[in-house]
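Source file: target-v8.tsv. Holds: TSV, C-alpha atoms.
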```
chain	number	residue	atom	x	y	z
U	1	MET	CA	8.81	-9.04	32.11
U	2	SER	CA	8.14	-12.52	30.81
U	3	GLU	CA	5.41	-13.32	28.34
U	4	LEU	CA	3.60	-15.36	31.00
U	5	THR	CA	3.16	-12.39	33.34
U	6	GLU	CA	1.35	-10.46	30.64
U	7	TYR	CA	-1.56	-12.92	30.50
U	8	PRO	CA	-3.42	-12.76	33.81
U	9	SER	CA	-6.26	-15.16	33.00
U	10	ASN	CA	-5.82	-18.91	33.27
U	11	LYS	CA	-6.89	-19.45	29.68
U	12	GLY	CA	-3.80	-19.17	27.53
U	13	SER	CA	-1.42	-18.70	30.47
U	14	ASN	CA	0.42	-21.88	29.45
U	15	PHE	CA	0.64	-20.74	25.83
U	16	MET	CA	4.43	-20.53	25.79
U	17	SER	CA	4.86	-24.11	27.02
U	18	GLU	CA	2.41	-25.46	24.44
U	19	LEU	CA	3.52	-23.38	21.46
U	20	THR	CA	4.61	-25.54	18.53
U	21	GLU	CA	3.96	-24.82	14.87
U	22	TYR	CA	0.74	-23.43	13.46
U	23	PRO	CA	-0.28	-23.25	9.80
U	24	SER	CA	0.02	-19.62	8.78
U	25	LYS	CA	-3.56	-19.82	7.46
U	26	ILE	CA	-4.77	-20.32	11.04
U	27	ILE	CA	-2.72	-17.46	12.49
U	28	TRP	CA	-3.93	-14.98	9.87
U	29	ALA	CA	-7.53	-16.17	10.27
U	30	VAL	CA	-7.59	-15.83	14.06
U	31	ALA	CA	-5.90	-12.41	13.78
U	32	ALA	CA	-8.72	-11.34	11.45
U	33	ALA	CA	-11.28	-12.80	13.86
U	34	ALA	CA	-9.79	-10.80	16.76
U	35	GLN	CA	-9.93	-7.65	14.63
U	36	ARG	CA	-13.59	-8.39	13.87
U	37	GLU	CA	-14.56	-9.05	17.48
U	38	ASN	CA	-12.86	-5.89	18.76
U	39	ASN	CA	-13.91	-3.83	15.73
U	40	GLY	CA	-10.31	-2.66	15.50
U	41	TYR	CA	-6.91	-3.26	17.08
U	42	TYR	CA	-6.56	-3.08	20.87
U	43	LYS	CA	-3.25	-3.36	22.71
U	44	TRP	CA	-2.70	-4.27	26.35
U	45	ASN	CA	-2.20	-0.64	27.31
U	46	GLN	CA	-5.68	0.43	26.18
U	47	LEU	CA	-7.67	2.22	28.89
U	48	ASP	CA	-10.75	0.11	28.18
U	49	GLN	CA	-10.13	-2.80	30.55
U	50	GLU	CA	-13.46	-4.38	29.62
U	51	LYS	CA	-12.23	-5.21	26.13
U	52	PRO	CA	-9.49	-7.86	25.76
U	53	SER	CA	-6.52	-7.09	23.57
U	54	ASN	CA	-6.40	-8.61	20.11
U	55	LYS	CA	-3.39	-10.66	21.19
U	56	ARG	CA	-5.35	-12.02	24.16
U	57	LEU	CA	-8.15	-13.10	21.81
U	58	VAL	CA	-5.71	-14.73	19.42
U	59	PHE	CA	-4.16	-16.80	22.22
U	60	GLU	CA	-7.63	-17.97	23.21
U	61	PHE	CA	-8.47	-18.87	19.61
U	62	LEU	CA	-5.23	-20.83	19.36
U	63	GLU	CA	-6.01	-22.72	22.53
U	64	ASP	CA	-9.33	-23.68	20.95
U	65	TYR	CA	-7.44	-24.74	17.84
U	66	ARG	CA	-5.14	-27.01	19.87
U	67	ASN	CA	-8.21	-28.56	21.47
U	68	ASN	CA	-10.01	-28.97	18.11
U	69	LYS	CA	-12.69	-26.48	19.20
U	70	LEU	CA	-11.86	-23.51	16.96
U	71	VAL	CA	-14.91	-22.01	15.26
U	72	LEU	CA	-14.43	-19.01	12.97
U	73	LEU	CA	-16.45	-17.30	10.26
U	74	ASP	CA	-15.64	-18.07	6.64
U	75	ASN	CA	-14.90	-14.37	6.26
U	76	ASP	CA	-12.17	-14.59	8.91
U	77	TYR	CA	-10.24	-17.02	6.71
U	78	THR	CA	-10.93	-14.89	3.64
U	79	GLU	CA	-9.89	-11.64	5.30
U	80	GLY	CA	-6.80	-13.23	6.80
U	81	GLN	CA	-5.73	-14.52	3.39
U	82	VAL	CA	-6.39	-11.15	1.72
U	83	VAL	CA	-4.22	-9.33	4.28
U	84	LYS	CA	-1.49	-11.97	4.08
U	85	GLU	CA	-1.35	-11.67	0.27
U	86	TYR	CA	-1.29	-7.87	0.56
U	87	TRP	CA	1.84	-8.00	2.73
U	88	GLN	CA	3.41	-10.62	0.50
U	89	CYS	CA	3.09	-8.13	-2.36
U	90	GLN	CA	5.05	-5.53	-0.38
U	91	THR	CA	8.31	-7.42	-1.02
U	92	LEU	CA	9.97	-4.29	-2.40
U	93	ALA	CA	9.87	-2.90	1.14
U	94	LEU	CA	12.74	-5.25	1.92
U	95	LEU	CA	14.86	-3.27	-0.55
U	96	ASP	CA	13.56	0.17	0.43
U	97	ASP	CA	15.93	2.04	2.73
U	98	ASN	CA	12.99	4.14	3.94
U	99	ALA	CA	10.93	1.14	5.04
U	100	ASN	CA	10.91	0.71	8.81
U	101	ASP	CA	11.83	-2.50	10.60
U	102	TYR	CA	8.20	-3.24	11.41
U	103	ILE	CA	7.18	-3.32	7.73
U	104	ARG	CA	10.18	-5.48	6.87
U	105	SER	CA	9.31	-7.97	9.63
U	106	VAL	CA	5.66	-8.14	8.59
U	107	VAL	CA	6.60	-8.86	4.98
U	108	LYS	CA	8.91	-11.66	6.08
U	109	ALA	CA	6.23	-13.16	8.34
U	110	ALA	CA	3.70	-13.05	5.48
U	111	HIS	CA	5.90	-15.34	3.40
U	112	LYS	CA	6.05	-18.08	6.05
U	113	ASP	CA	3.97	-21.26	5.69
U	114	THR	CA	4.12	-22.06	9.39
U	115	ILE	CA	4.42	-19.85	12.46
U	116	ASP	CA	6.31	-21.10	15.50
U	117	ASN	CA	7.12	-18.08	17.66
U	118	ILE	CA	5.41	-15.36	19.69
U	119	HIS	CA	7.12	-12.54	17.79
U	120	ASP	CA	5.60	-13.48	14.43
U	121	ILE	CA	2.18	-14.08	15.99
U	122	SER	CA	2.26	-10.61	17.55
U	123	LEU	CA	3.25	-9.07	14.21
U	124	ILE	CA	0.40	-10.77	12.37
U	125	VAL	CA	-2.11	-9.74	15.05
U	126	SER	CA	-1.14	-6.09	14.61
U	127	CYS	CA	-0.79	-5.99	10.84
U	128	ILE	CA	-4.44	-6.69	10.07
U	129	SER	CA	-5.16	-3.03	10.87
U	130	ALA	CA	-1.68	-1.96	9.70
U	131	LYS	CA	-2.69	-2.91	6.16
U	132	ARG	CA	-5.13	0.01	6.05
U	133	SER	CA	-2.52	2.37	7.49
U	134	ASN	CA	0.06	1.29	4.94
U	135	GLU	CA	-2.42	1.69	2.08
U	136	GLN	CA	-3.17	5.21	3.30
U	137	ARG	CA	0.55	5.99	3.55
U	138	GLN	CA	1.15	4.83	-0.01
U	139	LYS	CA	-1.82	6.88	-1.24
U	140	VAL	CA	-0.45	9.99	0.46
U	141	LEU	CA	3.02	9.41	-0.99
U	142	GLU	CA	1.52	9.13	-4.48
U	143	ILE	CA	-0.36	12.40	-4.03
U	144	LYS	CA	2.74	14.21	-2.77
U	145	ASN	CA	4.95	12.81	-5.52
U	146	ASN	CA	2.66	14.40	-8.10
U	147	LEU	CA	2.95	17.88	-6.59
U	148	HIS	CA	5.19	20.78	-7.60
U	149	SER	CA	5.10	22.36	-4.16
U	150	ARG	CA	6.57	25.81	-3.50
U	151	HIS	CA	7.25	27.99	-0.47
U	152	VAL	CA	4.98	31.01	-0.80
U	153	TYR	CA	5.49	32.45	2.70
U	154	ALA	CA	8.47	33.39	4.86
U	155	ILE	CA	9.31	32.18	8.35
U	156	GLY	CA	7.29	34.12	10.91
U	157	ASP	CA	4.52	35.11	8.47
U	158	LYS	CA	0.99	34.99	9.81
U	159	ILE	CA	-1.19	33.37	7.17
U	160	ARG	CA	-4.91	33.33	6.53
U	161	ILE	CA	-6.16	31.11	3.74
U	162	ASN	CA	-9.71	31.25	2.38
U	163	ASP	CA	-9.48	28.61	-0.30
U	164	LYS	CA	-9.81	24.87	-0.82
U	165	ILE	CA	-7.64	23.19	1.80
U	166	SER	CA	-7.26	19.46	1.22
U	167	VAL	CA	-6.09	17.58	4.32
U	168	ILE	CA	-4.49	14.44	2.89
U	169	ASP	CA	-3.17	12.85	6.08
U	170	SER	CA	-3.68	13.05	9.83
U	171	ARG	CA	-1.76	10.52	11.94
U	172	PHE	CA	-1.56	10.31	15.72
U	173	ILE	CA	1.97	9.73	16.98
U	174	ASP	CA	2.04	8.00	20.38
U	175	LYS	CA	5.49	9.26	21.37
U	176	VAL	CA	4.50	12.87	20.72
U	177	GLY	CA	0.93	12.71	21.93
U	178	ALA	CA	-0.31	14.68	18.93
U	179	SER	CA	-1.24	14.24	15.28
U	180	THR	CA	0.86	15.28	12.33
U	181	VAL	CA	-1.43	16.91	9.78
U	182	GLU	CA	-0.60	17.48	6.11
U	183	CYS	CA	-2.63	19.50	3.65
U	184	ILE	CA	-2.42	20.89	0.14
U	185	VAL	CA	-3.43	24.40	-0.90
U	186	GLN	CA	-3.10	25.40	-4.56
U	187	GLY	CA	-0.62	22.57	-5.12
U	188	ASN	CA	1.58	23.53	-2.17
U	189	LEU	CA	2.27	21.29	0.81
U	190	TYR	CA	1.76	22.37	4.44
U	191	MET	CA	2.07	20.47	7.73
U	192	TRP	CA	1.62	21.03	11.46
U	193	TRP	CA	1.20	19.22	14.77
U	194	SER	CA	-2.24	19.18	16.34
U	195	LYS	CA	-3.48	18.06	19.75
U	196	ARG	CA	-6.93	17.78	18.19
U	197	HIS	CA	-7.70	15.17	15.58
U	198	VAL	CA	-8.25	16.63	12.10
U	199	ASP	CA	-10.17	14.42	9.71
U	200	PRO	CA	-8.80	14.13	6.16
U	201	GLY	CA	-10.98	15.99	3.68
U	202	ASP	CA	-11.66	19.45	2.31
U	203	TYR	CA	-11.73	22.62	4.42
U	204	SER	CA	-12.16	26.27	3.47
U	205	TYR	CA	-10.40	28.29	6.16
U	206	LEU	CA	-6.96	28.08	7.76
U	207	THR	CA	-4.91	30.44	9.89
U	208	GLY	CA	-1.48	29.93	11.39
U	209	ARG	CA	2.10	31.11	11.55
U	210	VAL	CA	5.00	29.82	9.47
U	211	LYS	CA	7.40	27.99	11.78
U	212	ARG	CA	9.94	26.82	9.22
U	213	LEU	CA	10.44	26.04	5.54
U	214	SER	CA	11.54	22.50	4.84
U	215	GLU	CA	11.37	19.49	2.51
U	216	ASP	CA	9.27	16.38	2.88
U	217	TYR	CA	11.52	13.52	4.01
U	218	PHE	CA	10.09	10.89	1.64
U	219	THR	CA	9.32	12.92	-1.50
U	220	ASN	CA	11.61	15.99	-1.26
U	221	GLN	CA	8.59	18.19	-1.93
U	222	LEU	CA	8.88	21.67	-0.43
U	223	VAL	CA	6.73	21.88	2.72
U	224	THR	CA	5.71	24.85	4.81
U	225	CYS	CA	5.61	23.92	8.50
U	226	LEU	CA	3.06	25.81	10.60
U	227	ASN	CA	2.10	26.34	14.22
U	228	TYR	CA	-0.83	28.03	16.00
U	229	VAL	CA	-3.11	26.52	13.35
U	230	SER	CA	-6.87	26.89	13.21
U	231	ILE	CA	-8.77	25.08	10.47
U	232	ALA	CA	-12.47	25.03	9.66
U	233	THR	CA	-14.95	24.14	6.94
U	234	LYS	CA	-16.50	27.60	6.84
U	235	ASP	CA	-14.92	31.02	6.32
U	236	LYS	CA	-14.51	33.19	9.40
U	237	GLU	CA	-14.43	36.93	9.50
```
Final structure tokens representation of the file:
Amino acid sequence: MSELTEYPSNKGSNFMSELTEYPSKIIWAVAAAAQRENNGYYKWNQLDQEKPSNKRLVFEFLEDYRNNKLVLLDNDYTEGQVVKEYWQCQTLALLDDNANDYIRSVVKAAHKDTIDNIHDISLIVSCISAKRSNEQRQKVLEIKNNLHSRHVYAIGDKIRINDKISVIDSRFIDKVGASTVECIVQGNLYMWWSKRHVDPGDYSYLTGRVKRLSEDYFTNQLVTCLNYVSIATKDKE
């Protein structure tokens, strides 16, 4: 499918033919403005057809820019610059074998003074919200690196924990259609897949069954993988 067929409205439908070079300051600012207007990041495949995608909004902003009609908030320029500088500071990701291709591409785009292609524009549009996700990922890695996790159960054990259960990460994975949840109990790391969203924070009750004993891919901490998990903030009898 061509880029043109993805933009059904007339406004911006000739974007490809008119694309030249844009100052990176403008691209980052309009990406921040789209994030502000949508109060988050929306892709084309969102079910809410009433809300335009962030990319759609960015193309419209850029058309206004070409016609000298672009009006943004001062904070859009500020936020865009803050996010750009954040990704510029992630240069070590280019040397990290564990960094995915998306992060590498974003870092490279953040170091450009001008933007002249759809690919880099799309990256910048998405990485306004990706900044928060990456910050959370780095925070979680720091927490896990400071653990001395052990396996305290065997495969097949049914467990019931009445203690402080700190959920440190809960991330929805599109391809799986579920969230991967990680928690710490008494310095030991546990994880499971959940169809229900589990907010990070402290809980006091957890039941489940040990599915396997493994190691965390990024930190090599011992992790106990669970299934049939129930978690709550109050003890159950």
Choose the residue, out of U:Arg36, U:Arg160, U:Arg196, U:Lys25, that has the smallest atom-to-atom separation from Lys112 in chain U; count only C-alpha atoms.
U:Lys25
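Among the candidates U:Val30, U:Val223, U:Val107, U:Val176, the one nearest to Leu92 in chain U when counting all atoms listed in the file is U:Val107.
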Long-range neighbours of range 185-192 of chain U as a PyMOL selection string, 7 Å cut-off, all atoms listed in the file, 5 positions minimum in chain
chain U and resi 147-150+164-166+180+222-227
Would you output that residue set with C-alpha atoms, as an mmCIF file, in the frame of the given file?
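Everything below was put into selection-v1.cif:
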```
data_model
loop_
_atom_site.group_PDB
_atom_site.id
_atom_site.type_symbol
_atom_site.label_atom_id
_atom_site.label_comp_id
_atom_site.auth_asym_id
_atom_site.auth_seq_id
_atom_site.Cartn_x
_atom_site.Cartn_y
_atom_site.Cartn_z
ATOM 1 C CA LEU U 147 2.950 17.880 -6.590
ATOM 2 C CA HIS U 148 5.190 20.780 -7.600
ATOM 3 C CA SER U 149 5.100 22.360 -4.160
ATOM 4 C CA ARG U 150 6.570 25.810 -3.500
ATOM 5 C CA LYS U 164 -9.810 24.870 -0.820
ATOM 6 C CA ILE U 165 -7.640 23.190 1.800
ATOM 7 C CA SER U 166 -7.260 19.460 1.220
ATOM 8 C CA THR U 180 0.860 15.280 12.330
ATOM 9 C CA LEU U 222 8.880 21.670 -0.430
ATOM 10 C CA VAL U 223 6.730 21.880 2.720
ATOM 11 C CA THR U 224 5.710 24.850 4.810
ATOM 12 C CA CYS U 225 5.610 23.920 8.500
ATOM 13 C CA LEU U 226 3.060 25.810 10.600
ATOM 14 C CA ASN U 227 2.100 26.340 14.220
#
```
In terms of the shortest atom-to-atom distance over all atoms listed in the file, which of U:Ala33, U:Ile184, U:Tyr86, U:Lys144 is closest to Tyr217 in chain U?
U:Lys144
Of the listed residues U:Val181, U:Leu213, U:Val71, U:Ile124, that which approaches Ala109 in chain U most closely, counting only C-alpha atoms:
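Among the listed residues, the smallest separation from Ala109 in chain U belongs to U:Ile124.
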Give, as JSON, the centre coordinates and the x, y and z edge lengths in Å to one decimal for an axis-aligned box around all listed atoms of range 104-119 of chain U, padded by 6 Å on each side.
```
{"center_x": 6.9, "center_y": -13.8, "center_z": 11.5, "size_x": 18.5, "size_y": 28.6, "size_z": 28.3}
```
Using only C-alpha atoms, find all polymer residues with an atom at most 12 Å away from the point (-11.2, -18.3, 21.1); report them as a PDB file with C-alpha atoms, in the frame of the given file.
```pdb
ATOM      1  CA  LYS U  11      -6.890 -19.450  29.680  1.00  0.00           C
ATOM      2  CA  GLY U  12      -3.800 -19.170  27.530  1.00  0.00           C
ATOM      3  CA  ALA U  29      -7.530 -16.170  10.270  1.00  0.00           C
ATOM      4  CA  VAL U  30      -7.590 -15.830  14.060  1.00  0.00           C
ATOM      5  CA  ALA U  31      -5.900 -12.410  13.780  1.00  0.00           C
ATOM      6  CA  ALA U  33     -11.280 -12.800  13.860  1.00  0.00           C
ATOM      7  CA  ALA U  34      -9.790 -10.800  16.760  1.00  0.00           C
ATOM      8  CA  GLU U  37     -14.560  -9.050  17.480  1.00  0.00           C
ATOM      9  CA  PRO U  52      -9.490  -7.860  25.760  1.00  0.00           C
ATOM     10  CA  ASN U  54      -6.400  -8.610  20.110  1.00  0.00           C
ATOM     11  CA  LYS U  55      -3.390 -10.660  21.190  1.00  0.00           C
ATOM     12  CA  ARG U  56      -5.350 -12.020  24.160  1.00  0.00           C
ATOM     13  CA  LEU U  57      -8.150 -13.100  21.810  1.00  0.00           C
ATOM     14  CA  VAL U  58      -5.710 -14.730  19.420  1.00  0.00           C
ATOM     15  CA  PHE U  59      -4.160 -16.800  22.220  1.00  0.00           C
ATOM     16  CA  GLU U  60      -7.630 -17.970  23.210  1.00  0.00           C
ATOM     17  CA  PHE U  61      -8.470 -18.870  19.610  1.00  0.00           C
ATOM     18  CA  LEU U  62      -5.230 -20.830  19.360  1.00  0.00           C
ATOM     19  CA  GLU U  63      -6.010 -22.720  22.530  1.00  0.00           C
ATOM     20  CA  ASP U  64      -9.330 -23.680  20.950  1.00  0.00           C
ATOM     21  CA  TYR U  65      -7.440 -24.740  17.840  1.00  0.00           C
ATOM     22  CA  ARG U  66      -5.140 -27.010  19.870  1.00  0.00           C
ATOM     23  CA  ASN U  67      -8.210 -28.560  21.470  1.00  0.00           C
ATOM     24  CA  ASN U  68     -10.010 -28.970  18.110  1.00  0.00           C
ATOM     25  CA  LYS U  69     -12.690 -26.480  19.200  1.00  0.00           C
ATOM     26  CA  LEU U  70     -11.860 -23.510  16.960  1.00  0.00           C
ATOM     27  CA  VAL U  71     -14.910 -22.010  15.260  1.00  0.00           C
ATOM     28  CA  LEU U  72     -14.430 -19.010  12.970  1.00  0.00           C
TER      29      LEU U  72
END
```
U:Ser230, U:Asn117, U:Gln221, U:Ser170: which is nearest Gly201 in chain U, counting only C-alpha atoms?
U:Ser170
May I ask which of the residues U:Ser129, U:Asn146, U:Ser24, U:Asn75 is the closest one to His111 in chain U, counting all atoms listed in the file?
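With all atoms listed in the file as the atom set, the closest residue is U:Ser24.
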